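Report on the structure given below.
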Amino acid sequence: SFRCYYVKQLNQPSESTIKMTFETRVTKLLGIEHPILMGGMTGVGTPELTAAVSNGGGLGIMAIHNAGSPEKGREWIRRLKKLTNKPFGINLTILPSMGPPPPYEEYARVMIEEDVKIVETAGSNPQKFIQLFKKYGLITIHKCISIRHALSAERYGVDIISLDGFECGGHPGEEDVGNFVLQAKGAIALTKPYVCSGGVGTGTQLAAALALGADGVNCGTRFCATKECNWPDSFKQRMVKASETDTVLMLRRLNNTCRVFRNNVAEEVEKIESEKGADFDFSHVAHLVNGKRGR
C-alpha cells in the first residue's frame with residue numbers, strides 16, 4: 001500500500017505534520033518502519049551510523065570491509081548489536097582490488113556465524129554469495145545498475161533489488177541510465193521488490209520513487225551530513241553547501257567509472273586521464289585514488 005509519509009497540513013505552521021504509516025513490500029520483508037535504506041558505504045559505513053538509521057526506523061547497513069579484517073568485522077557486528085535492537089544489514093562489496101583481493105569468503109562466514117539476518121551485496125557477480133546466504137536463511141539485497149543485471153540477480157534468488165541510477169555516488173556503472181527511466185522500467189520488468197538508489201535525499205524524491213514503482217529508496221551520501229557520520233565537520237559543511245554540479249566522473253576510460261566530489265584531487269585525476277588518452281592506466285592515478293589520503 002502507498003500512503004502519505006509526512007504530509008504538512010494546509011494553512012498550518014511548517015512544524016505541524018501528520019505522521020502516517022508507510023507500508024511497502026520492502027518494509028514488510030525487512031521489518032522496518034520507513035522504506036528507507038542506508039546503503040553500505042566505504043569509510044563511513046560504521047556501526048554508529050548504521051545503528052542511527054536503524055533506530056530511526058529505516059534499515060542501516062554496515063560495510064563490513066571498513067573494519068579491516070574478518071575478525072574485526074565480527075567485533076563491529078557485535079558492537080552494532082549493542083547499539084540497536086532494530087533490523088540492520090551488513091554489506092559485502094566485491095570489487096577488483098589493487099593487490100590481493102580481500103577475504104570475501106571469510107567475511108561471509110563471519111556474517112553467517114554472527115547470525116546476521118540481512119545482507120547487501122554489490123560489485124561483481126554475486127551468485128555464489130547469494131546462494132550461500134540463502135542457504136543459511138539470510139534476506140539478500142543486491143545493487144544493480146541495469147535491468148539485465150537485476151533480472152540475473154532475481155534468477156540467483158535475491159530477495160530485494162537496489163536499482164542504482166547513474167546519479168549515484170561511488171560506482172554508477174557504465175550504462176549511463178538515470179533513475180527516471182530505470183525505476184519505471186523496473187516496475188515493468190522485475191518481479192521482486194526493488195528500491196531506488198542514486199541521488200535520493202528528500203521526501204519528495206521518496207514519493208517520486210514510490211510513484212515510479214519502487215518499494216523504497218536506498219540513500220548513501222544523504223546520511224553523511226549527520227553527527228553520527230565519522231566525516232570531519234568541514235566535509236559535512238562543504239557537502240551541504242554543494243550544488244548539483246559539484247560531482248565529477250573519473251576513470252571512465254578504464255570502464256571503472258566513479259562519481260566523486262569535485263575537488264583538487266578529482267581535477268588532477270581528470271587532467272591526467274585526458275593527457276594520457278588511450279595510454280591511460282590505473283597506475284597513473286593510483287596514488288591519488290587509493291583512499292589512503294583521506295583516512
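Going by the C-alpha cells order, chains are called A, B, ..., each with residues numbered from 1, while ligands are numbered from 1 in the order shown.
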Practice prompt. DSSP on the backbone, then: every residue of stretch 19-127 of chain A marked strand (DSSP E or B), written as a ChimeraX atom specification.
Written response: /A:19,36-38,59-63,88-94,118-123
Fill in: Within 10 Å of A:Arg155 using only C-alpha atoms, minus same-chain residues under 5 positions, as a list in words
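Near neighbours after the sequence-gap exclusion: Gln127, His149 and Ala150 of chain A.
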Please dump the current selection as a short mmCIF file (atom, residue, chain, number, x, y, z; two decimals), in the first residue's frame; keep N, CA, C and O atoms.
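Final output, saved to out_10.cif:
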```
data_model
loop_
_atom_site.label_atom_id
_atom_site.label_comp_id
_atom_site.auth_asym_id
_atom_site.auth_seq_id
_atom_site.Cartn_x
_atom_site.Cartn_y
_atom_site.Cartn_z
N GLN A 127 26.50 -14.36 -7.49
CA GLN A 127 25.74 -15.62 -7.47
C GLN A 127 26.14 -16.55 -6.33
O GLN A 127 25.29 -17.02 -5.56
N HIS A 149 21.09 -6.84 -15.25
CA HIS A 149 21.75 -7.31 -14.04
C HIS A 149 20.73 -7.66 -12.96
O HIS A 149 20.89 -8.65 -12.23
N ALA A 150 19.68 -6.85 -12.87
CA ALA A 150 18.64 -7.11 -11.87
C ALA A 150 17.90 -8.42 -12.16
O ALA A 150 17.59 -9.18 -11.24
#
```
Worksheet entry | Exercise: stretch 173-186 of chain A partners within 10 Å, only C-alpha atoms, chain neighbours under 2 positions left out, as a PyMOL selection string | chain A and resi 123+144-147+150-151+161+163-168+170-171+188-200+208-214+252+255-259
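One finds atom CA of A:Asn290 at 11.1 Å from atom CA of A:Gly99.
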Discussion item. As a PyMOL selection string, please: the residues near stretch 115-118 of chain A (cut-off 7 Å, only C-alpha atoms, same-chain neighbours under 2 positions excluded).
Written reply: chain A and resi 88-90+111-113+120+138-140
Fill in: Gap from atom CA of A:Gly157 to atom CA of A:Tyr136 - Å, one decimal
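Separation of atom CA of A:Gly157 and atom CA of A:Tyr136: 13.0 Å.
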Identify, with DSSP run on backbone atoms, the residues in stretch 14-192 of chain A assigned to alpha helix (DSSP H), and express the list as a PDB file with C-alpha atoms, in the first residue's frame.
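Done, and the output landed in out_39.pdb:
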```pdb
ATOM      1  CA  ARG A  25       6.821  -4.882   0.226  1.00  0.00           C
ATOM      2  CA  VAL A  26      10.242  -3.808   1.472  1.00  0.00           C
ATOM      3  CA  THR A  27       9.078  -2.549   4.879  1.00  0.00           C
ATOM      4  CA  LYS A  28       7.168  -5.778   5.444  1.00  0.00           C
ATOM      5  CA  LEU A  29      10.018  -8.039   4.342  1.00  0.00           C
ATOM      6  CA  LEU A  30      12.680  -6.215   6.363  1.00  0.00           C
ATOM      7  CA  PRO A  47      28.276   0.630  13.474  1.00  0.00           C
ATOM      8  CA  GLU A  48      27.377   4.059  14.849  1.00  0.00           C
ATOM      9  CA  LEU A  49      25.899   5.456  11.635  1.00  0.00           C
ATOM     10  CA  THR A  50      24.226   2.138  10.822  1.00  0.00           C
ATOM     11  CA  ALA A  51      22.570   1.989  14.243  1.00  0.00           C
ATOM     12  CA  ALA A  52      21.368   5.586  13.970  1.00  0.00           C
ATOM     13  CA  VAL A  53      19.493   4.821  10.742  1.00  0.00           C
ATOM     14  CA  SER A  54      18.010   1.607  12.122  1.00  0.00           C
ATOM     15  CA  ASN A  55      16.960   3.308  15.361  1.00  0.00           C
ATOM     16  CA  PRO A  70      37.025 -10.541   9.082  1.00  0.00           C
ATOM     17  CA  GLU A  71      37.678 -10.788  12.824  1.00  0.00           C
ATOM     18  CA  LYS A  72      37.459  -7.024  13.228  1.00  0.00           C
ATOM     19  CA  GLY A  73      34.247  -7.275  11.247  1.00  0.00           C
ATOM     20  CA  ARG A  74      32.974  -9.736  13.844  1.00  0.00           C
ATOM     21  CA  GLU A  75      33.749  -7.177  16.568  1.00  0.00           C
ATOM     22  CA  TRP A  76      31.916  -4.468  14.611  1.00  0.00           C
ATOM     23  CA  ILE A  77      28.803  -6.632  14.214  1.00  0.00           C
ATOM     24  CA  ARG A  78      28.753  -7.309  17.956  1.00  0.00           C
ATOM     25  CA  ARG A  79      29.198  -3.598  18.659  1.00  0.00           C
ATOM     26  CA  LEU A  80      26.350  -2.796  16.283  1.00  0.00           C
ATOM     27  CA  LYS A  81      24.046  -5.215  18.097  1.00  0.00           C
ATOM     28  CA  LYS A  82      24.691  -3.312  21.325  1.00  0.00           C
ATOM     29  CA  LEU A  83      23.729  -0.031  19.650  1.00  0.00           C
ATOM     30  CA  TYR A 104      35.389 -12.179   0.862  1.00  0.00           C
ATOM     31  CA  GLU A 105      34.597 -15.771   1.846  1.00  0.00           C
ATOM     32  CA  GLU A 106      35.880 -15.147   5.368  1.00  0.00           C
ATOM     33  CA  TYR A 107      33.772 -12.015   5.697  1.00  0.00           C
ATOM     34  CA  ALA A 108      30.732 -14.006   4.551  1.00  0.00           C
ATOM     35  CA  ARG A 109      31.489 -16.754   7.072  1.00  0.00           C
ATOM     36  CA  VAL A 110      31.680 -14.234   9.904  1.00  0.00           C
ATOM     37  CA  MET A 111      28.343 -12.731   8.876  1.00  0.00           C
ATOM     38  CA  ILE A 112      26.705 -16.144   8.976  1.00  0.00           C
ATOM     39  CA  GLU A 113      28.338 -17.119  12.288  1.00  0.00           C
ATOM     40  CA  GLN A 127      25.741 -15.618  -7.467  1.00  0.00           C
ATOM     41  CA  LYS A 128      27.837 -17.790  -5.170  1.00  0.00           C
ATOM     42  CA  PHE A 129      27.396 -15.432  -2.232  1.00  0.00           C
ATOM     43  CA  ILE A 130      23.649 -15.075  -2.708  1.00  0.00           C
ATOM     44  CA  GLN A 131      23.302 -18.845  -2.840  1.00  0.00           C
ATOM     45  CA  LEU A 132      25.448 -19.192   0.294  1.00  0.00           C
ATOM     46  CA  PHE A 133      23.467 -16.595   2.219  1.00  0.00           C
ATOM     47  CA  LYS A 134      20.139 -18.044   1.114  1.00  0.00           C
ATOM     48  CA  LYS A 135      21.299 -21.474   2.320  1.00  0.00           C
ATOM     49  CA  ILE A 147      17.632  -4.183 -15.686  1.00  0.00           C
ATOM     50  CA  ARG A 148      19.585  -7.103 -17.162  1.00  0.00           C
ATOM     51  CA  HIS A 149      21.754  -7.310 -14.037  1.00  0.00           C
ATOM     52  CA  ALA A 150      18.640  -7.109 -11.873  1.00  0.00           C
ATOM     53  CA  LEU A 151      16.984  -9.955 -13.791  1.00  0.00           C
ATOM     54  CA  SER A 152      20.115 -12.064 -13.271  1.00  0.00           C
ATOM     55  CA  ALA A 153      20.014 -11.322  -9.545  1.00  0.00           C
ATOM     56  CA  GLU A 154      16.376 -12.410  -9.451  1.00  0.00           C
ATOM     57  CA  ARG A 155      17.344 -15.702 -11.075  1.00  0.00           C
ATOM     58  CA  TYR A 156      20.024 -16.181  -8.413  1.00  0.00           C
ATOM     59  CA  ASN A 179      16.522   6.857 -12.394  1.00  0.00           C
ATOM     60  CA  PHE A 180      13.569   8.444 -14.193  1.00  0.00           C
ATOM     61  CA  VAL A 181      13.954   5.740 -16.851  1.00  0.00           C
ATOM     62  CA  LEU A 182      15.470   2.946 -14.761  1.00  0.00           C
ATOM     63  CA  GLN A 183      12.884   2.896 -11.966  1.00  0.00           C
ATOM     64  CA  ALA A 184       9.923   2.992 -14.354  1.00  0.00           C
ATOM     65  CA  LYS A 185      11.410   0.118 -16.341  1.00  0.00           C
ATOM     66  CA  GLY A 186      11.974  -1.810 -13.112  1.00  0.00           C
ATOM     67  CA  ALA A 187       8.253  -1.679 -12.365  1.00  0.00           C
ATOM     68  CA  ILE A 188       7.579  -3.417 -15.672  1.00  0.00           C
ATOM     69  CA  ALA A 189      10.435  -5.913 -15.806  1.00  0.00           C
TER      70      ALA A 189
END
```
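Excluding stretch 34-36 of chain A itself and any same-chain residue fewer than 3 positions from it, the protein and nucleic acid residues within 9 Å of it, counting only C-alpha atoms, are Tyr5, Thr21, Phe22, Glu23, Thr24, Arg25, Val26, Thr27, Val53, Gly56, Gly57, Gly58, Leu59, Gly60, Val195, Leu206, Asp215, Gly216, Val217, Asn218 and Cys219 of chain A.
Here atom CA of A:Cys224 is placed at a distance of 23.4 Å from atom CA of A:Ser69.
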Practice prompt. Go through A:Gly45, A:Asn85, A:Arg222, A:Ile64 and flag the residue nearest A:Ile32, using only C-alpha atoms for the distances.
Written response: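 Once distances to A:Ile32 are computed over only C-alpha atoms, the minimum belongs to A:Asn85.
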Discussion item. Quick one: residues within 9 Å of A:Leu95, only C-alpha atoms, excluding same-chain residues fewer than 3 positions away - as number ranges by chain?
Written reply: A: 101, 122-124
